[in-house]
Structure formats: C-alpha cells, structure tokens
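Read through the structure below, which is laid out as structure tokens, and then see the notes.
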Amino acid sequence: MVAVVVEGWILDLYPSCTGGEMVVWVKTRDGRCVRFADPWRRSIYVASDYASDLEYLSQRPEIKPFVFDVGFEMRIERITDFASSQVLRLALRDMRRAERLAEAVERLADWGIYRIYNADLMPAQVYLYEKDLFPFAYVRAEQNSGDCVSWTLLDDAEMIEYEIPCLKTVRLRVKVAARRKIPSFEDPIQSIVLEHDGRVTELSGGSCEGDLLRGLVEVVRRVDPDVVFTDDGDSFTVPYLVRRAEVAGVSCGFVLGREESVPVRSAVNGGRSYFSYGRVLYRHPTYRFFGRVHIDVSHTFFFDECGFEGLVEVSRLCRIPVHTAARASIGKALASLQFYRATKDGLLIPWKPVLAERPKTARQLLVGDRGGFVFEPRMGVYSGVGELDFTSLYPMIMLKKNISAETVLCECCPDSSSRVPEVDFHVCERRRGLIPRVLDVVLRKRLTYKKLKGEASDPEAKARFDARQKALKRILVCCFGYLGYRNAKFGRIDSHIAVCAYARKTLLDASKMAERRGFEVIHGIVDSMWLQKPKATVEDYLDLCREIERETGFPVAFEGIYRWIAFLPSRMHSDVPVLNRYFGVFESGLIKARGIESRRHDTPRIVSKCQEAMLAVLSEASDAESVVSRIPHALQVLKRYADSLRRYEVSVDDLVIIKFLSKNPENYEVDIVQSFVARQLAEEGLHLLAGQRVQYVMTNDTGEHAPKRGLAVQLTDSGMMCDTVNYLKLLISAAATLLNPFDCSETRIAAEIS
C-alpha cells in the first residue's frame, strides 16, 4: 500500500457527498492541487441533570437514523463551570445533519431536560478546530488508502510573516441577451467572459447554449483556477448560468469545481432577510465550486474592505474556510475564533445561548445601563486643536480588566478586590476569561502589523500589512457589541455594562489630567478627545499621552494638531450639537470628516465629489480665520458642478441614490420612493425583498407619480431628464454643511450658483 505524502497549503474543505468524510484540497508548491478524503465523524453533545436521562436518550429509536456511534465523555458544559461533567456524545452518520439530530433530541423531552451543544457549527469549522488546522495553513498531509489523514502543521495562525501560495485566478462574467431592460433567468446567454493569466477569453456565437456552457466548463477545467471571482455571482451570474444549463439540458455536466461528479446546482435554500444592529439586511444564497474558492466581490465584507490579504488573515486566524469568510459578517468571524478557543479548552458550545442577565436593582440599572462617556462638542470653528484617541480602548479593557461572561459577577470571587467602577461588580480572580484570551492574539497581531506598516519602505509590504491590520480592526470593533448580543454563545449583558463603566471612568480620568495641564476639552466621545491649549506643542500632547497611559494603563495615540476644525450642529435643531459630525484639516494637510454628506452611502456621487472638492479648497487655509478667504474659491467649485448638472453633462452613475428596503415592497403602508422604485423593478421581472438595496435617479416625471420622482437605474436610458432642481438642492445643502460655520448662509450659496 503506497502512502500519499504532500506538503502544501490548505485551500478548501467541505463534507463529502455521503457526509462521512471531510474533503480537503492541498495546494502544493509545484502548482498541483491534491485531494484528500479524511474519514471523520462529527459529534454533538447532550447534557442533563440526571445520567439516567442520557442513558435513556442513547437508546431511543428516534435518533438511530442519525447516529453512527454514542459514548460518554467528560467536558466542561458551561463557560461558568470550573470542572468537567459527564455528557453524552452522539457521533453522526452524516456530519451535515447535526441540527436535524438536535431537533430530534429536543422533541424527546420537556424543555430544559436535555441541553444540546455543538449542534449548529459548520462541519468544516469543527474539523479545523479539532485537528488544530486553519485555511492556508502550510501542512504535511500523509494518507494510506482508506485510512485517516495524518496532518503535521508546519505553520502557526499567530505567525506574522507567513507565505500565501501562488494562486491561479479567473474572473467570470456573463453577458445576457436581455429581451427587456432587466435581464432575467429566462433570457438566453449572449456571451461568457473569463479573464485569466492576463488575457480575456470570450465564449459566444452559435445557437446552442449547451455548447456555450460546455465550452465554459472546458475552459475552467483547462485553466484550473484556485480562485474564481464573480460580480453578483451569488445573486445573479451563477444561478443564471445554472438555470440556462437546466434549459439546455446540460445541468449534469455543468461542473465549475474540481469535483468532477458534482455539478453546480440551484441553491436549496433561498436568500433571507434578517435584522441586525438596527437595520434590515439581506443575505443571498451561496454557490460553491468545490475544490476552488468562489468569491462574489459584490457581496463580501472583508474582501471589499481589506482585499484578498485581509480575507486570508481573517480566514487563518478565525479558522473559517475562505469561501465562508468571504461572505461572513464580522460577528461570525469573531464567534469562530471564540469557538476554536472553547474547543481547545474542552468547553462545549451551546446550541442556544443560555447565560441570563444577573438580577439588578433599579438603582444599579440607572447607574450601570449607560454607554460611553461624552463631552458635548462646543459648536463652532477652532484652531490649534489636538486629537487624542485611545488605541482599541474597549478590547483593551476586556483584555486588561479580564472582562468576560464568566468573570463578571462570578460565583467564586464575591469578595474580589477587582471591582468595576460605579456599578461595583466584582471580577473573577481565579481564572482568565475566554474573551480576553481570544482578544489577546487579535490585539497583538494588529499592533504588530501597524508597526510593520509604519516601518516598511516597500509599497507592496506596506499595503499587505495595512490590509491585514484593517481586517483585524473590524473584528476588534465588533467584539464589544458582540459581548452584549442576545444571540452570542458566550455573551452576557453584565460584561457589556462593566466595559462601559471602565470606559467612562477612563475618559473622565483622562480629561481631568488634560485640564490639570491647562488643556481645554472641546469635545470628547467614548475613546477620543479634542483638546485645545494656547501655544501647545506636539511634545506637550505627547507628554499628556504618556501620563494618561501611565495612570490608566491603556495606550493612547496622538493623532495630530488641526490647523482648524469645525464641530457642526444638528440639521433639525441648529442650537443642538451632534456628537460625531465634524470636519477639519491637520497640520500635515490630511483632511478628516465625519457625519457629513460625503461620508454617507446614500449620497449621490456628484454631491460627494463636489463636497470633497470644496473641502480640499478650504483645507488650504492655515487657520480658522483664514478659511473665510477660501470661501469664494469653494463656491466656484460648487458653481462648476451646478453648471454641469444644468447642462445635463453628468453621467447617470454620478446621480444614483442608494436606499435599502426595510420591508418587502408590498408591505409599505406609505408609498415612499424606494418602495415605488422596487415596484418598477417588479414590473420588469426583478423582485426585491427586505434588506436589498434599490438604486434610482430623481427624474423630472410630472405624471401620476410625480411626488415619487424616482426611476430605477436599470430602467434609465440616454433620453432621461434628471430632476436638476432637487439635485441642485442637494448640492447647496452639502455646501451649506461646510460653509455655514463660517457665516456663509444657504441663501448666499444659492445666489452664487443661480
């Protein structure tokens, strides 16, 4: 019997078609991709207060179709437990049916009799946790025929300077011979375009779609890419091609992955709308090319924000297959990192969150249930203001103060000397929490990447380190909110309250230190302060940073001194300041703006471009007083944009307004523009759901729907007349945001461009 021994990088992994093996593809240095099928049984765990209940469960016929093997093991059941307890392990015949088994177990007894663990994790993630592997890990794999794979890890997920293999990539696009303005799945293919190896292959011509699709399969097989990029691949391109393959009768041979016997099929489950962080979002079904990585660049957070380097960093550290990481939310990535750490600790992962909030008095809620500390900004324009930012303050608090679900108000240390300010919660002294241990590696790696970015002279290295630190920053931004998220497996609101209390005290203490040194607090919010002191130097600010860091224990970064900065009022109430709405320019010339039109996703591009160009003109002023002299030049910029709008010399792309549907179009009681536009699309065959976005242009429609005045971008043509009056109003409003603080009224602005 000849053993297969390979060294390379883990590219992709997924359950086999039988659910009894994990298929792993390893990319070797010589460019080959080797397939391993590892016999492996994924398990779920069941706990109960009585061993007899577990014994009874193990014999129940209802679970027999799902279960390959049963046994008892010692595991830590709850995150608050110190000792292991006996639980029932149910190994599955098919690793993909874990939740089906969990549901069957749940039906066998009253609620609470059986507590179920590790049931809703992705099989590939569980495999990575148990084998201590990760995507793009450099490994040695050895397997005799039919035996389990022996893995030797030659890499480390915490490594900074790691190697990514040379990957073959293809970009797949499709052109549709649409019968109407909006392509549909029933329209025939016009051509298929593949970009690879620096050249373009376009498949077109002929009357047989089957030949066209077979040609696509053949090109993909010949090029043999590791990564396939698509635009709207999950929402249109791939399902459209699948549908055309079905119509042409070639669906059985429509294989775009490396599994020759597994064609691309229509998604079993459709997309879904869901509510998260105050917004309704929509998630499309995903399409896998088994053995290759499919990245839909139109629907990926980490790739869009941080590029391929950032995506690989998240995939490696959080142990999520790259295909999944490309579509994962930040919370899902953070949760995976927590689950890995829990698995290594022998801690079970609850199927449904079970940690409840501790009972509190009304006074405790009044004192503790608040957010971060805020110094209301002083509206107006200031010169010589310095900005100080705590570095990852909330994650640092969780790390240094040992804040975790099991450590705050623990049962073992009621007399702990570690007390949370204001609320007087005690913090465990016997153990280090799960959350601090998870954040430790993320914080260390990000700080190292930032340092290397600053030291790098090579532009490629600088960009690589920047992409990786940005990806980790997204996880750190999410970690605090996830601590209090109702669906977090290891979250608890008491810990969330404790972090806020520490943050409030830290900012308040820092402000007092600044005032003792003669600084005046112009504004402060959560983890940032804007300070002013006559004739203060950079060294004065750095001295203050060192004192704050020494006294609070948390690192502080000095962002710089502004030549001038404007803190803005509310649009609704001109005498009320807004916490995060300002713009200014540092002494270095760098412009910083928050909360203004150019920072909003729904602002038309023409408005954003105009405001950014005006701000660039204003930024040339050396201080607040001299900004006034730049106003006429800024108004000239505005006039150029207004004139181009009046002459209809603006592209449709620059006029697009993007809105998201908060409900299905038919459920809107008041007919607003986005529901109206969604119905336009529905009449053309494109049906949108809650959480999806609509893109439209304001038009000069004076007919029945004049108040709506929105035309879907997909329906625009060269003869369309945009609503210049309303677009001019948007331009003037954006200009007023910048110029009102300098006593340039909206009336004057309108007169200048009339």
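Going through the structure tokens in order, the chains are called A, B, and so on, while each chain numbers its residues from 1 and the ligands are numbered from 1 in the order shown.
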
(request) Pick out the residues sitting within 12 Å of Ser574 in chain A, and hand them over as a PyMOL selection string; count only C-alpha atoms, and ignore anything fewer than 3 positions along from it in its own chain. (result) chain A and resi 379-380+567-571+577-578+737+740-741

(request) Identify, on the basis of only C-alpha atoms, every residue whose closest approach to range 448-453 of chain A does not exceed 12 Å; exclude the query and any residue fewer than 6 positions from it along the same chain; express the result as an MDAnalysis selection string. (result) chainID A and resid 158:161 310 313 391 441:442 459:473

(request) Output as a PyMOL selection string all residues of range 456-618 of chain A that backbone DSSP marks as strand (DSSP E). (result) chain A and resi 520-525+528-532+556-569+577-586+591-594

(message) So, with only C-alpha atoms as the atoms that count, which of A:Glu587, A:Glu559, A:Glu202, A:Asp602 lies closest to Val694 in chain A?
(response)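 Going through A:Glu587, A:Glu559, A:Glu202, A:Asp602 one by one, the smallest distance to Val694 in chain A is for A:Asp602.
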
(message) Considering only C-alpha atoms, can you say which of A:Cys166, A:Val408, A:Leu728, A:Leu681 comes closest to Ser644 in chain A?
(response)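 Smallest separation from Ser644 in chain A among the options: A:Leu728.
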
(request) Select, from A:Gly253, A:Gly560, A:Gly518, A:Pro350, the residue with the minimum atom-to-atom distance to Lys592 in chain A, counting only C-alpha atoms. (result)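 When distances to Lys592 in chain A are compared using only C-alpha atoms, the smallest one comes from A:Gly560.
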
(request) Find, counting only C-alpha atoms, the residue in A:Leu153, A:Ile79, A:Val247, A:Leu443 that gets nearest to Gly491 in chain A. (result) A:Ile79

Compile the contact shell of Leu731 in chain A as a PDB file with N, CA and C atoms, in the first residue's frame: residues with an atom at most 8 Å away, counting only C-alpha atoms, same-chain residues fewer than 2 positions apart removed.
```
ATOM      1  N   VAL A 607     -22.748  64.780  -5.503  1.00  0.00           N
ATOM      2  CA  VAL A 607     -22.751  65.575  -4.277  1.00  0.00           C
ATOM      3  C   VAL A 607     -21.489  65.289  -3.463  1.00  0.00           C
ATOM      4  N   CYS A 610     -18.466  66.911  -5.193  1.00  0.00           N
ATOM      5  CA  CYS A 610     -18.493  68.360  -5.035  1.00  0.00           C
ATOM      6  C   CYS A 610     -18.063  68.755  -3.626  1.00  0.00           C
ATOM      7  N   GLN A 611     -18.633  68.080  -2.618  1.00  0.00           N
ATOM      8  CA  GLN A 611     -18.292  68.430  -1.243  1.00  0.00           C
ATOM      9  C   GLN A 611     -16.819  68.162  -0.943  1.00  0.00           C
ATOM     10  N   LEU A 638     -18.411  74.735  -6.458  1.00  0.00           N
ATOM     11  CA  LEU A 638     -19.835  74.404  -6.432  1.00  0.00           C
ATOM     12  C   LEU A 638     -20.508  74.826  -7.731  1.00  0.00           C
ATOM     13  N   ALA A 642     -22.696  72.666 -10.398  1.00  0.00           N
ATOM     14  CA  ALA A 642     -24.085  73.049 -10.668  1.00  0.00           C
ATOM     15  C   ALA A 642     -24.296  73.292 -12.161  1.00  0.00           C
ATOM     16  N   TYR A 727     -31.532  67.932  -7.402  1.00  0.00           N
ATOM     17  CA  TYR A 727     -30.098  67.660  -7.283  1.00  0.00           C
ATOM     18  C   TYR A 727     -29.341  68.935  -6.909  1.00  0.00           C
ATOM     19  N   LEU A 728     -29.782  70.084  -7.425  1.00  0.00           N
ATOM     20  CA  LEU A 728     -29.170  71.348  -7.025  1.00  0.00           C
ATOM     21  C   LEU A 728     -29.391  71.622  -5.544  1.00  0.00           C
ATOM     22  N   LYS A 729     -30.575  71.265  -5.044  1.00  0.00           N
ATOM     23  CA  LYS A 729     -30.848  71.434  -3.614  1.00  0.00           C
ATOM     24  C   LYS A 729     -29.885  70.586  -2.778  1.00  0.00           C
ATOM     25  N   SER A 733     -27.240  72.052  -0.151  1.00  0.00           N
ATOM     26  CA  SER A 733     -27.284  71.581   1.241  1.00  0.00           C
ATOM     27  C   SER A 733     -25.910  71.072   1.687  1.00  0.00           C
ATOM     28  N   ALA A 734     -25.229  70.321   0.807  1.00  0.00           N
ATOM     29  CA  ALA A 734     -23.903  69.809   1.144  1.00  0.00           C
ATOM     30  C   ALA A 734     -22.904  70.956   1.279  1.00  0.00           C
ATOM     31  N   ALA A 735     -23.026  71.964   0.415  1.00  0.00           N
ATOM     32  CA  ALA A 735     -22.143  73.125   0.513  1.00  0.00           C
ATOM     33  C   ALA A 735     -22.398  73.883   1.810  1.00  0.00           C
TER      34      ALA A 735
END
```

For the contact check between range 207-262 of chain A and range 290-306 of chain A, emit one row per residue of range 207-262 of chain A within 9 Å, containing the shortest atom pair and the distance in Å rounded to one decimal, counting only C-alpha atoms, chain then rising number order, as a Markdown table.
```
| residue | atom | partner | partner_atom | distance |
| --- | --- | --- | --- | --- |
| A:Asp224 | CA | A:Arg292 | CA | 8.9 |
| A:Pro225 | CA | A:Arg292 | CA | 7.1 |
| A:Asp226 | CA | A:Arg292 | CA | 4.9 |
| A:Val227 | CA | A:Val293 | CA | 4.6 |
| A:Val228 | CA | A:His294 | CA | 4.9 |
| A:Phe229 | CA | A:Ile295 | CA | 5.0 |
| A:Thr230 | CA | A:Asp296 | CA | 4.9 |
| A:Asp231 | CA | A:Ser298 | CA | 5.5 |
| A:Asp232 | CA | A:Ser298 | CA | 5.3 |
| A:Gly233 | CA | A:Asp296 | CA | 5.2 |
| A:Asp234 | CA | A:Asp296 | CA | 6.4 |
| A:Ser235 | CA | A:His299 | CA | 8.7 |
| A:Leu256 | CA | A:Phe290 | CA | 7.9 |
| A:Gly257 | CA | A:Phe290 | CA | 4.6 |
| A:Arg258 | CA | A:Gly291 | CA | 4.9 |
| A:Glu259 | CA | A:Phe290 | CA | 6.0 |
| A:Val262 | CA | A:Phe290 | CA | 7.9 |
```

Put those residues in a file: C-alpha atoms, as a PDB file, in the first residue's frame.
```pdb
ATOM      1  CA  ASP A 224      -7.738  25.025 -13.449  1.00  0.00           C
ATOM      2  CA  PRO A 225      -8.114  28.165 -11.260  1.00  0.00           C
ATOM      3  CA  ASP A 226      -7.847  28.095  -7.485  1.00  0.00           C
ATOM      4  CA  VAL A 227      -9.973  31.219  -7.019  1.00  0.00           C
ATOM      5  CA  VAL A 228     -12.951  32.299  -9.145  1.00  0.00           C
ATOM      6  CA  PHE A 229     -14.087  35.917  -8.844  1.00  0.00           C
ATOM      7  CA  THR A 230     -17.579  36.934  -9.941  1.00  0.00           C
ATOM      8  CA  ASP A 231     -19.654  40.116  -9.875  1.00  0.00           C
ATOM      9  CA  ASP A 232     -23.076  39.442  -8.342  1.00  0.00           C
ATOM     10  CA  GLY A 233     -22.160  35.770  -8.590  1.00  0.00           C
ATOM     11  CA  ASP A 234     -24.415  34.605  -5.764  1.00  0.00           C
ATOM     12  CA  SER A 235     -27.340  36.831  -6.701  1.00  0.00           C
ATOM     13  CA  LEU A 256     -17.100  24.504 -12.263  1.00  0.00           C
ATOM     14  CA  GLY A 257     -15.364  22.969  -9.259  1.00  0.00           C
ATOM     15  CA  ARG A 258     -12.680  20.302  -9.003  1.00  0.00           C
ATOM     16  CA  GLU A 259     -15.176  17.589  -8.026  1.00  0.00           C
ATOM     17  CA  VAL A 262     -20.572  17.447  -8.519  1.00  0.00           C
TER      18      VAL A 262
END
```

(request) Step one, run DSSP on the backbone; step two, keep only residues of range 407-496 of chain A assigned to alpha helix (DSSP H); then write them as number ranges by chain. (result) A: 434-455, 459-483, 493-496

Store the residues of this selection in a file with C-alpha atoms, as a PDB file, in the first residue's frame.
```
ATOM      1  CA  LEU A 434     -12.355  33.237  27.454  1.00  0.00           C
ATOM      2  CA  ILE A 435     -12.937  36.618  25.783  1.00  0.00           C
ATOM      3  CA  PRO A 436      -9.652  38.213  26.987  1.00  0.00           C
ATOM      4  CA  ARG A 437      -7.711  35.174  25.777  1.00  0.00           C
ATOM      5  CA  VAL A 438      -9.389  35.408  22.370  1.00  0.00           C
ATOM      6  CA  LEU A 439      -8.730  39.138  22.031  1.00  0.00           C
ATOM      7  CA  ASP A 440      -5.121  38.841  23.146  1.00  0.00           C
ATOM      8  CA  VAL A 441      -3.906  37.389  19.859  1.00  0.00           C
ATOM      9  CA  VAL A 442      -6.025  39.772  17.732  1.00  0.00           C
ATOM     10  CA  LEU A 443      -4.695  42.839  19.537  1.00  0.00           C
ATOM     11  CA  ARG A 444      -1.085  41.647  19.447  1.00  0.00           C
ATOM     12  CA  LYS A 445      -1.196  40.835  15.759  1.00  0.00           C
ATOM     13  CA  ARG A 446      -2.879  44.108  14.814  1.00  0.00           C
ATOM     14  CA  LEU A 447      -0.407  46.234  16.766  1.00  0.00           C
ATOM     15  CA  THR A 448       2.467  44.338  15.141  1.00  0.00           C
ATOM     16  CA  TYR A 449       1.030  44.837  11.650  1.00  0.00           C
ATOM     17  CA  LYS A 450       0.585  48.566  12.312  1.00  0.00           C
ATOM     18  CA  LYS A 451       4.202  48.805  13.466  1.00  0.00           C
ATOM     19  CA  LEU A 452       5.468  46.903  10.419  1.00  0.00           C
ATOM     20  CA  LYS A 453       3.345  49.068   8.118  1.00  0.00           C
ATOM     21  CA  GLY A 454       4.971  52.185   9.570  1.00  0.00           C
ATOM     22  CA  GLU A 455       8.469  50.739   9.182  1.00  0.00           C
ATOM     23  CA  PRO A 459       4.830  49.776  -1.087  1.00  0.00           C
ATOM     24  CA  GLU A 460       3.651  46.166  -1.529  1.00  0.00           C
ATOM     25  CA  ALA A 461       4.686  45.221   2.014  1.00  0.00           C
ATOM     26  CA  LYS A 462       3.082  48.374   3.384  1.00  0.00           C
ATOM     27  CA  ALA A 463      -0.195  47.577   1.580  1.00  0.00           C
ATOM     28  CA  ARG A 464      -0.070  43.954   2.774  1.00  0.00           C
ATOM     29  CA  PHE A 465       0.370  44.875   6.440  1.00  0.00           C
ATOM     30  CA  ASP A 466      -2.285  47.585   6.152  1.00  0.00           C
ATOM     31  CA  ALA A 467      -4.843  45.154   4.705  1.00  0.00           C
ATOM     32  CA  ARG A 468      -4.215  42.656   7.489  1.00  0.00           C
ATOM     33  CA  GLN A 469      -4.436  45.204  10.307  1.00  0.00           C
ATOM     34  CA  LYS A 470      -7.659  46.610   8.805  1.00  0.00           C
ATOM     35  CA  ALA A 471      -9.221  43.145   8.829  1.00  0.00           C
ATOM     36  CA  LEU A 472      -8.308  42.638  12.486  1.00  0.00           C
ATOM     37  CA  LYS A 473      -9.554  46.128  13.329  1.00  0.00           C
ATOM     38  CA  ARG A 474     -13.014  45.149  12.049  1.00  0.00           C
ATOM     39  CA  ILE A 475     -13.055  42.212  14.457  1.00  0.00           C
ATOM     40  CA  LEU A 476     -11.974  44.406  17.373  1.00  0.00           C
ATOM     41  CA  VAL A 477     -14.662  46.973  16.555  1.00  0.00           C
ATOM     42  CA  CYS A 478     -17.275  44.214  16.722  1.00  0.00           C
ATOM     43  CA  CYS A 479     -16.087  42.450  19.889  1.00  0.00           C
ATOM     44  CA  PHE A 480     -17.664  44.867  22.385  1.00  0.00           C
ATOM     45  CA  GLY A 481     -21.116  44.821  20.787  1.00  0.00           C
ATOM     46  CA  TYR A 482     -20.962  41.053  20.441  1.00  0.00           C
ATOM     47  CA  LEU A 483     -20.373  40.760  24.191  1.00  0.00           C
ATOM     48  CA  ILE A 493     -25.049  41.925  29.288  1.00  0.00           C
ATOM     49  CA  ASP A 494     -23.341  42.240  32.701  1.00  0.00           C
ATOM     50  CA  SER A 495     -19.957  42.115  30.960  1.00  0.00           C
ATOM     51  CA  HIS A 496     -21.136  44.700  28.454  1.00  0.00           C
TER      52      HIS A 496
END
```

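Excluding Arg640 in chain A and any residue on its chain fewer than 6 positions from it, the residues at most 12 Å away by only C-alpha atoms are Ile606, Lys609, Cys610, Ala613, Met614, His633, Ala634, Arg646, Arg647, Glu649, Val650, Leu728, Leu731, Glu752, Ile753 and Ser754 of chain A.
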
Per-residue nearest contacts of range 251-314 of chain A to range 651-664 of chain A (9 Å; only C-alpha atoms) as JSON lines:
```
{"residue": "A:Ser273", "atom": "CA", "partner": "A:Lys663", "partner_atom": "CA", "distance": 8.8}
{"residue": "A:Arg279", "atom": "CA", "partner": "A:Ser662", "partner_atom": "CA", "distance": 7.4}
{"residue": "A:Val280", "atom": "CA", "partner": "A:Ser662", "partner_atom": "CA", "distance": 5.5}
{"residue": "A:Leu281", "atom": "CA", "partner": "A:Ser662", "partner_atom": "CA", "distance": 8.1}
```

Go ahead and save the residues from that selection, with N, CA and C atoms, as a PDB file, in the first residue's frame.
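Contents of the output file result19.pdb:
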```pdb
ATOM      1  N   SER A 273     -33.962  37.596   4.604  1.00  0.00           N
ATOM      2  CA  SER A 273     -33.861  38.910   5.234  1.00  0.00           C
ATOM      3  C   SER A 273     -33.721  38.712   6.733  1.00  0.00           C
ATOM      4  N   ARG A 279     -30.784  47.469  11.596  1.00  0.00           N
ATOM      5  CA  ARG A 279     -31.045  47.506  10.156  1.00  0.00           C
ATOM      6  C   ARG A 279     -31.567  46.165   9.675  1.00  0.00           C
ATOM      7  N   VAL A 280     -32.390  46.222   8.631  1.00  0.00           N
ATOM      8  CA  VAL A 280     -32.819  45.003   7.960  1.00  0.00           C
ATOM      9  C   VAL A 280     -31.823  44.719   6.841  1.00  0.00           C
ATOM     10  N   LEU A 281     -31.239  43.531   6.853  1.00  0.00           N
ATOM     11  CA  LEU A 281     -30.235  43.144   5.868  1.00  0.00           C
ATOM     12  C   LEU A 281     -30.723  41.935   5.073  1.00  0.00           C
TER      13      LEU A 281
END
```

(message) From the options A:Asn700, A:Ile548, A:Lys535, A:Leu711, which residue's atoms come nearest to Val677 in chain A, counting only C-alpha atoms?
(response)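 Using only C-alpha atoms, Val677 in chain A sits closest to A:Leu711.
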
(request) Write out as a list of chain:residue names which residues come within 8 Å of Leu128 in chain A when counting only C-alpha atoms, dropping same-chain ones fewer than 5 positions away. (result) A:Leu133, A:Phe134, A:Arg319

How would the residues just picked look written out with N, CA and C atoms as an mmCIF file, in the first residue's frame?
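Written output follows (part-v1.cif):
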```
data_model
loop_
_atom_site.group_PDB
_atom_site.id
_atom_site.type_symbol
_atom_site.label_atom_id
_atom_site.label_comp_id
_atom_site.auth_asym_id
_atom_site.auth_seq_id
_atom_site.Cartn_x
_atom_site.Cartn_y
_atom_site.Cartn_z
ATOM 1 N N LEU A 133 -6.126 22.906 12.703
ATOM 2 C CA LEU A 133 -5.691 23.375 11.397
ATOM 3 C C LEU A 133 -6.399 24.693 11.081
ATOM 4 N N PHE A 134 -6.043 25.287 9.946
ATOM 5 C CA PHE A 134 -6.720 26.507 9.511
ATOM 6 C C PHE A 134 -6.503 26.679 8.012
ATOM 7 N N ARG A 319 -10.184 30.657 11.618
ATOM 8 C CA ARG A 319 -10.381 29.261 11.212
ATOM 9 C C ARG A 319 -11.737 29.070 10.537
#
```

(request) Can you pull out every residue within 10 Å of Ile182 in chain A, counting only C-alpha atoms, but drop anything in the same chain fewer than 5 positions away, and send it as a list in words? (result)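 So the residues in contact are Val176, Asp187, Leu681, Glu684, Gly685, Leu686, Gln714 and Leu715 of chain A.
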
Restricting it to N, CA and C atoms, dump the selection as an mmCIF file, in the first residue's frame.
```
data_model
loop_
_atom_site.group_PDB
_atom_site.id
_atom_site.type_symbol
_atom_site.label_atom_id
_atom_site.label_comp_id
_atom_site.auth_asym_id
_atom_site.auth_seq_id
_atom_site.Cartn_x
_atom_site.Cartn_y
_atom_site.Cartn_z
ATOM 1 N N VAL A 176 -25.870 38.972 -21.092
ATOM 2 C CA VAL A 176 -27.197 38.389 -21.312
ATOM 3 C C VAL A 176 -27.855 39.052 -22.515
ATOM 4 N N ASP A 187 -33.767 34.721 -20.080
ATOM 5 C CA ASP A 187 -33.118 35.286 -21.259
ATOM 6 C C ASP A 187 -31.924 34.422 -21.661
ATOM 7 N N LEU A 681 -39.246 47.806 -10.602
ATOM 8 C CA LEU A 681 -38.401 46.658 -10.939
ATOM 9 C C LEU A 681 -39.217 45.378 -10.998
ATOM 10 N N GLU A 684 -40.778 44.729 -14.171
ATOM 11 C CA GLU A 684 -39.833 44.276 -15.191
ATOM 12 C C GLU A 684 -39.296 42.878 -14.894
ATOM 13 N N GLY A 685 -39.808 42.258 -13.828
ATOM 14 C CA GLY A 685 -39.410 40.884 -13.523
ATOM 15 C C GLY A 685 -38.381 40.721 -12.432
ATOM 16 N N LEU A 686 -37.913 41.834 -11.816
ATOM 17 C CA LEU A 686 -36.920 41.746 -10.745
ATOM 18 C C LEU A 686 -37.605 42.031 -9.412
ATOM 19 N N GLN A 714 -31.667 50.639 -13.491
ATOM 20 C CA GLN A 714 -31.722 49.644 -14.567
ATOM 21 C C GLN A 714 -32.644 50.069 -15.705
ATOM 22 N N LEU A 715 -33.554 51.025 -15.438
ATOM 23 C CA LEU A 715 -34.541 51.434 -16.435
ATOM 24 C C LEU A 715 -34.190 52.749 -17.106
#
```

(request) Would you list the contacts of Val24 in chain A as a list in words, taking every protein, DNA or RNA residue within 9 Å and counting only C-alpha atoms, but skipping same-chain residues closer than 5 positions in sequence? (result)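 Near Val24 in chain A, the qualifying residues are Ile10, Leu11, Asp12, Leu13, Tyr14, Pro15, Val34, Arg35, Phe36, Ala37, Asp38 and Gly291 of chain A.
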
(request) Can you work out which one of A:Arg75, A:Arg504, A:Lys168, A:Arg431 has the shortest atom-to-atom distance to Val374 in chain A, counting only C-alpha atoms? (result) A:Arg504
